[in-house]
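To be precise, the following lines are work.tsv, and they hold TSV, C-alpha atoms.
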chain	number	residue	atom	x	y	z
A	1	MET	CA	0.00	0.00	0.00
A	2	THR	CA	1.40	3.37	-1.00
A	3	SER	CA	1.55	5.90	1.82
A	4	LEU	CA	-0.64	8.93	1.21
A	5	GLY	CA	-0.02	12.44	2.45
A	6	ALA	CA	-2.32	15.43	2.06
A	7	ILE	CA	-1.54	19.04	1.21
A	8	ILE	CA	-4.22	21.66	1.81
A	9	LEU	CA	-3.56	24.75	-0.28
A	10	CYS	CA	-4.37	27.90	1.70
A	11	GLY	CA	-4.26	31.10	-0.27
A	12	GLY	CA	-4.77	33.59	2.55
A	13	GLY	CA	-7.20	36.49	2.43
A	14	SER	CA	-9.82	36.77	-0.29
A	15	ARG	CA	-11.03	40.18	-1.46
A	16	ARG	CA	-14.19	38.67	-2.91
A	17	MET	CA	-15.07	36.79	0.26
A	18	GLY	CA	-13.88	39.59	2.54
A	19	ARG	CA	-11.79	37.26	4.70
A	20	ASP	CA	-9.52	34.23	4.66
A	21	LYS	CA	-11.50	31.39	3.07
A	22	ALA	CA	-9.82	28.91	5.44
A	23	GLU	CA	-11.62	30.57	8.34
A	24	LEU	CA	-15.09	30.56	6.78
A	25	ALA	CA	-17.60	28.73	8.94
A	26	TRP	CA	-19.28	25.65	7.43
A	27	ASP	CA	-21.88	24.08	9.73
A	28	GLY	CA	-20.14	25.72	12.66
A	29	ARG	CA	-16.63	24.55	11.72
A	30	ARG	CA	-13.78	26.24	9.90
A	31	ALA	CA	-13.39	25.28	6.25
A	32	VAL	CA	-9.78	24.19	6.85
A	33	ASP	CA	-10.85	21.77	9.59
A	34	ARG	CA	-13.50	20.20	7.35
A	35	VAL	CA	-10.95	19.74	4.57
A	36	ALA	CA	-8.40	18.28	7.01
A	37	ASP	CA	-10.98	15.76	8.26
A	38	LEU	CA	-11.76	14.81	4.67
A	39	ALA	CA	-8.06	14.19	3.99
A	40	ARG	CA	-7.82	11.94	7.04
A	41	ALA	CA	-10.97	10.05	6.02
A	42	ALA	CA	-9.39	9.51	2.59
A	43	GLY	CA	-6.46	7.73	4.26
A	44	ALA	CA	-3.86	10.48	4.53
A	45	ARG	CA	-1.32	9.47	7.16
A	46	ALA	CA	-0.04	13.02	7.48
A	47	LEU	CA	-1.15	16.41	6.25
A	48	VAL	CA	0.12	19.95	6.02
A	49	THR	CA	-1.43	23.24	5.15
A	50	ALA	CA	0.66	25.12	2.60
A	51	GLY	CA	1.02	28.85	2.90
A	52	ALA	CA	-0.68	29.52	6.24
A	53	ASP	CA	-0.42	28.51	9.88
A	54	LEU	CA	-3.97	27.58	10.83
A	55	GLY	CA	-3.27	25.47	13.88
A	56	LEU	CA	-2.35	22.39	11.84
A	57	PRO	CA	1.10	21.27	10.67
A	58	TRP	CA	2.08	23.70	7.95
A	59	VAL	CA	4.79	24.73	5.52
A	60	PRO	CA	5.41	28.19	4.06
A	61	ASP	CA	5.13	28.56	0.30
A	62	ASP	CA	8.44	28.30	-1.54
A	63	GLU	CA	8.05	31.88	-2.68
A	64	ALA	CA	5.60	34.33	-1.14
A	65	GLY	CA	2.66	34.84	-3.48
A	66	ALA	CA	3.97	32.34	-6.03
A	67	GLY	CA	0.74	30.38	-6.12
A	68	PRO	CA	-0.34	26.80	-5.54
A	69	VAL	CA	2.61	25.01	-7.16
A	70	GLY	CA	4.95	26.44	-4.52
A	71	GLY	CA	2.67	24.96	-1.88
A	72	VAL	CA	2.59	21.57	-3.58
A	73	LEU	CA	6.38	21.43	-3.82
A	74	ALA	CA	6.92	22.59	-0.24
A	75	GLY	CA	4.30	20.15	1.02
A	76	ALA	CA	5.79	17.24	-0.91
A	77	ARG	CA	9.18	17.82	0.72
A	78	ALA	CA	7.66	18.18	4.18
A	79	LEU	CA	5.44	15.10	4.04
A	80	GLY	CA	7.91	12.58	2.67
A	81	THR	CA	5.15	10.29	1.40
A	82	ALA	CA	5.04	8.52	-1.96
A	83	ARG	CA	1.62	9.88	-2.97
A	84	LEU	CA	-0.03	13.23	-2.46
A	85	LEU	CA	-3.67	14.21	-2.16
A	86	VAL	CA	-3.86	17.94	-2.93
A	87	LEU	CA	-6.95	19.79	-1.75
A	88	ALA	CA	-8.04	23.42	-1.77
A	89	VAL	CA	-9.19	25.00	1.46
A	90	ASP	CA	-11.80	26.98	-0.48
A	91	ALA	CA	-13.67	23.79	-1.42
A	92	PRO	CA	-14.83	22.47	1.97
A	93	THR	CA	-17.83	20.83	0.30
A	94	VAL	CA	-15.76	18.16	-1.44
A	95	MET	CA	-16.90	14.70	-0.33
A	96	LEU	CA	-15.18	11.35	0.07
A	97	GLU	CA	-17.16	10.01	-2.90
A	98	ASP	CA	-15.63	12.78	-5.03
A	99	LEU	CA	-12.12	11.64	-4.07
A	100	ALA	CA	-12.66	7.90	-4.60
A	101	PRO	CA	-11.85	7.83	-8.35
A	102	LEU	CA	-8.75	9.97	-7.80
A	103	LEU	CA	-7.50	7.76	-4.99
A	104	GLU	CA	-7.90	4.67	-7.16
A	105	SER	CA	-6.09	5.90	-10.23
A	106	GLY	CA	-4.44	9.21	-9.46
A	107	GLY	CA	-5.24	12.22	-11.57
A	108	PHE	CA	-7.55	15.21	-11.46
A	109	TYR	CA	-10.98	16.25	-12.62
A	110	GLU	CA	-11.24	17.77	-16.07
A	111	GLY	CA	-11.17	21.54	-15.76
A	112	LEU	CA	-10.49	21.41	-12.01
A	113	PRO	CA	-6.89	20.52	-11.13
A	114	VAL	CA	-7.67	20.47	-7.41
A	115	PRO	CA	-8.47	18.03	-5.86
A	116	MET	CA	-5.81	15.85	-7.40
A	117	VAL	CA	-3.74	12.80	-6.48
A	118	VAL	CA	-0.17	12.60	-7.74
A	119	ASP	CA	2.81	10.31	-7.18
A	120	VAL	CA	5.70	12.34	-5.79
A	121	ALA	CA	7.99	10.62	-8.32
A	122	ALA	CA	5.88	12.14	-11.12
A	123	LEU	CA	6.51	15.73	-9.99
A	124	PRO	CA	8.79	17.30	-12.61
A	125	ALA	CA	12.35	17.81	-11.39
A	126	ASP	CA	12.40	21.28	-12.97
A	127	ALA	CA	9.08	22.41	-11.43
A	128	GLU	CA	9.14	25.98	-10.17
A	129	ALA	CA	7.07	27.56	-7.43
A	130	GLY	CA	5.61	30.14	-9.81
A	131	TRP	CA	4.30	27.68	-12.39
A	132	PRO	CA	0.57	27.66	-13.07
A	133	LEU	CA	-1.01	24.59	-11.47
A	134	ARG	CA	-2.17	23.42	-14.89
A	135	ARG	CA	1.45	23.17	-16.08
A	136	LEU	CA	2.37	21.00	-13.10
A	137	VAL	CA	-0.62	18.74	-13.81
A	138	GLU	CA	0.33	18.37	-17.47
A	139	ARG	CA	4.03	17.81	-16.81
A	140	ALA	CA	3.26	15.21	-14.11
A	141	GLY	CA	1.23	13.26	-16.69
A	142	LEU	CA	-1.86	13.14	-14.53
A	143	LYS	CA	-4.98	11.49	-15.93
A	144	ALA	CA	-7.99	13.76	-16.47
A	145	LEU	CA	-11.23	12.28	-15.13
A	146	PRO	CA	-14.68	13.63	-16.03
A	147	VAL	CA	-16.41	15.67	-13.35
A	148	PRO	CA	-19.17	13.55	-11.81
A	149	GLU	CA	-22.65	14.89	-12.49
A	150	GLY	CA	-23.74	17.21	-9.73
A	151	ALA	CA	-20.25	17.53	-8.25
A	152	LEU	CA	-19.04	20.69	-9.98
A	153	ALA	CA	-20.24	23.09	-7.26
A	154	ARG	CA	-18.78	20.92	-4.49
A	155	LEU	CA	-15.42	20.66	-6.21
A	156	ARG	CA	-15.21	24.33	-7.07
A	157	GLY	CA	-16.21	25.43	-3.59
A	158	ALA	CA	-17.03	28.91	-2.37
A	159	ASN	CA	-15.02	31.43	-4.35
A	160	THR	CA	-17.58	34.22	-4.29
A	161	PRO	CA	-20.12	35.36	-1.68
A	162	ASP	CA	-22.96	34.07	-3.89
A	163	GLU	CA	-21.35	30.62	-4.11
A	164	PHE	CA	-20.84	30.60	-0.37
A	165	ARG	CA	-24.49	31.40	0.26
A	166	ALA	CA	-25.69	28.79	-2.20
A	167	LEU	CA	-23.44	26.04	-0.87
A	168	SER	CA	-23.92	26.83	2.81
A	169	SER	CA	-27.71	26.89	2.47
A	170	GLY	CA	-27.89	23.25	1.43
A	171	GLY	CA	-26.65	23.34	-2.16
A	172	GLN	CA	-24.04	20.73	-1.20
Output the file's structure as structure tokens, nothing else.
Amino acid sequence: MTSLGAIILCGGGSRRMGRDKAELAWDGRRAVDRVADLARAAGARALVTAGADLGLPWVPDDEAGAGPVGGVLAGARALGTARLLVLAVDAPTVMLEDLAPLLESGGFYEGLPVPMVVDVAALPADAEAGWPLRRLVERAGLKALPVPEGALARLRGANTPDEFRALSSGGQ
């Protein structure tokens, strides 16, 4: 069995949401705590948040403001596991059933790089912190899986106040 580690990408404050999306309350719990519990339920033996100290083990981004690839690279080094489950803190509505196909085969959902599952050995040796996440996905040779019907909103998460209202009022 390949050991699985989880990286939760935390982007800090959001102008559109008016606060840090990691701290948004979902059913009385912080988004980051819901995502961390999901990672554990998916079998992650260890997890880190990348880019922010939110009371969980964490790693700083390789370069401040470089984007999610810096967090993936820093998290991969910190975890030391063979496989990585990469989640976004702004999608606390992702469910275990959404992750199941990724855990079985690795890969990502078409049009939505996160969540994704990648073998650390597949991370390109020349990857840079400032790369777009899509480039890392392509260079790692990850398989694109179709988005399950009805899962798009859960996977995308709350990126605007309207999405937050819709998802938090039962649109999950």
Query raised in the report: Which is closer to Leu87 of chain A than all the others in A:Leu47, A:Ala64, A:Ala158, A:Ala121, using all atoms listed in the file?
Result: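 Of the candidates, the smallest distance to Leu87 of chain A is held by A:Leu47.
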Query - Atom pair atom CA of Leu24 of chain A / atom CA of Leu145 of chain A: separation (Å) - result: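 It comes out at 28.8 Å.
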Report task. Determine the nearest neighbour of Leu38 of chain A from the options A:Pro115, A:Pro161, A:Gly150, A:Pro68, counting only C-alpha atoms. Result ->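 Smallest separation from Leu38 of chain A among the options: A:Pro115.
Closest to Glu149 of chain A among A:Ala122, A:Gly28, A:Met116, A:Tyr109 is A:Tyr109, based on all atoms listed in the file.
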Requested in this report: For segment 136-139 of chain A, please output as number ranges by chain all residues within 12 Å (counting all atoms listed in the file; exclusion window: fewer than 4 positions along the same chain).
Outcome: A: 67-73, 86, 106-132, 143-144
Padding 3 Å on every side, please: axis-aligned box over the listed atoms of segment 60-64 of chain A, centre and edge lengths to one decimal in Å, as lines of an AutoDock Vina configuration file.
center_x = 6.8
center_y = 31.3
center_z = 0.7
size_x = 9.3
size_y = 12.1
size_z = 12.7
**Report entry** Interatomic distance (Å, one decimal) between atom CA of Leu155 of chain A and atom CA of Gly141 of chain A
**Finding:** 21.0 Å
Query raised in the report: Which one of A:Val35, A:Ala52, A:Leu84, A:Leu152 sits closest to Asp20 of chain A if you count all atoms listed in the file?
Result: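 Ranked by minimum distance to Asp20 of chain A, first place goes to A:Ala52.
Nearest to Gly51 of chain A of all the residues A:Leu142, A:Ala88, A:Ala31, A:Val94 is A:Ala88, counting all atoms listed in the file.
Between atom CA of Thr93 of chain A and atom CA of Trp26 of chain A there is a distance of 8.7 Å.
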Query raised in the report: Using only C-alpha atoms, which residue out of A:Ile7, A:Leu133, A:Ala166, A:Ala100 lies closest to Ala44 of chain A?
Result: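 Of the candidates, the smallest distance to Ala44 of chain A is held by A:Ile7.
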Since the input is missing atoms, can you rebuild N, CA, C and O atoms for segment 57-81 of chain A and write them as a short mmCIF file (atom, residue, chain, number, x, y, z; two decimals), keeping the file's coordinate frame?
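And here's selection35.cif as it stands now:
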data_model
loop_
_atom_site.label_atom_id
_atom_site.label_comp_id
_atom_site.auth_asym_id
_atom_site.auth_seq_id
_atom_site.Cartn_x
_atom_site.Cartn_y
_atom_site.Cartn_z
N PRO A 57 -0.26 21.24 11.23
CA PRO A 57 1.10 21.27 10.67
C PRO A 57 1.09 22.06 9.36
O PRO A 57 0.16 21.91 8.56
N TRP A 58 2.11 22.87 9.16
CA TRP A 58 2.08 23.70 7.95
C TRP A 58 3.48 23.95 7.42
O TRP A 58 4.47 23.73 8.12
N VAL A 59 3.52 24.35 6.15
CA VAL A 59 4.79 24.73 5.52
C VAL A 59 4.56 26.07 4.80
O VAL A 59 3.49 26.30 4.24
N PRO A 60 5.55 26.95 4.85
CA PRO A 60 5.41 28.19 4.06
C PRO A 60 5.58 27.89 2.57
O PRO A 60 6.25 26.93 2.20
N ASP A 61 4.94 28.69 1.74
CA ASP A 61 5.13 28.56 0.30
C ASP A 61 6.60 28.77 -0.04
O ASP A 61 7.31 29.51 0.66
N ASP A 62 7.04 28.13 -1.12
CA ASP A 62 8.44 28.30 -1.54
C ASP A 62 8.78 29.76 -1.79
O ASP A 62 9.86 30.22 -1.45
N GLU A 63 7.87 30.46 -2.42
CA GLU A 63 8.05 31.88 -2.68
C GLU A 63 6.75 32.57 -2.33
O GLU A 63 5.68 32.13 -2.77
N ALA A 64 6.81 33.63 -1.54
CA ALA A 64 5.60 34.33 -1.14
C ALA A 64 4.81 34.76 -2.37
O ALA A 64 5.35 35.36 -3.29
N GLY A 65 3.53 34.43 -2.38
CA GLY A 65 2.66 34.84 -3.48
C GLY A 65 2.87 34.11 -4.78
O GLY A 65 2.33 34.49 -5.81
N ALA A 66 3.66 33.04 -4.77
CA ALA A 66 3.97 32.34 -6.03
C ALA A 66 2.80 31.52 -6.54
O ALA A 66 2.74 31.20 -7.71
N GLY A 67 1.88 31.15 -5.66
CA GLY A 67 0.74 30.38 -6.12
C GLY A 67 0.78 28.95 -5.64
O GLY A 67 1.66 28.55 -4.87
N PRO A 68 -0.17 28.14 -6.11
CA PRO A 68 -0.34 26.80 -5.54
C PRO A 68 0.80 25.83 -5.79
O PRO A 68 1.02 24.93 -4.98
N VAL A 69 1.54 25.97 -6.89
CA VAL A 69 2.61 25.01 -7.16
C VAL A 69 3.70 25.09 -6.09
O VAL A 69 4.23 24.06 -5.65
N GLY A 70 3.99 26.29 -5.61
CA GLY A 70 4.95 26.44 -4.52
C GLY A 70 4.51 25.66 -3.30
O GLY A 70 5.32 25.02 -2.63
N GLY A 71 3.21 25.70 -3.02
CA GLY A 71 2.67 24.96 -1.88
C GLY A 71 2.75 23.46 -2.08
O GLY A 71 3.06 22.72 -1.14
N VAL A 72 2.50 23.00 -3.29
CA VAL A 72 2.59 21.57 -3.58
C VAL A 72 4.02 21.09 -3.39
O VAL A 72 4.28 20.06 -2.76
N LEU A 73 4.98 21.83 -3.92
CA LEU A 73 6.38 21.43 -3.82
C LEU A 73 6.87 21.45 -2.38
O LEU A 73 7.53 20.51 -1.92
N ALA A 74 6.51 22.50 -1.64
CA ALA A 74 6.92 22.59 -0.24
C ALA A 74 6.27 21.47 0.58
O ALA A 74 6.91 20.84 1.43
N GLY A 75 5.00 21.21 0.31
CA GLY A 75 4.30 20.15 1.02
C GLY A 75 4.86 18.77 0.72
O GLY A 75 4.98 17.93 1.62
N ALA A 76 5.23 18.54 -0.53
CA ALA A 76 5.79 17.24 -0.91
C ALA A 76 7.08 16.97 -0.14
O ALA A 76 7.31 15.86 0.34
N ARG A 77 7.92 17.99 -0.02
CA ARG A 77 9.18 17.82 0.72
C ARG A 77 8.90 17.58 2.21
O ARG A 77 9.56 16.76 2.85
N ALA A 78 7.93 18.28 2.75
CA ALA A 78 7.66 18.18 4.18
C ALA A 78 7.03 16.85 4.56
O ALA A 78 7.33 16.29 5.62
N LEU A 79 6.18 16.31 3.70
CA LEU A 79 5.44 15.10 4.04
C LEU A 79 6.27 13.83 3.90
O LEU A 79 6.13 12.90 4.67
N GLY A 80 7.09 13.76 2.87
CA GLY A 80 7.91 12.58 2.67
C GLY A 80 7.12 11.32 2.36
O GLY A 80 7.58 10.22 2.66
N THR A 81 5.94 11.46 1.78
CA THR A 81 5.15 10.29 1.40
C THR A 81 5.26 10.06 -0.11
O THR A 81 5.65 10.96 -0.85
#
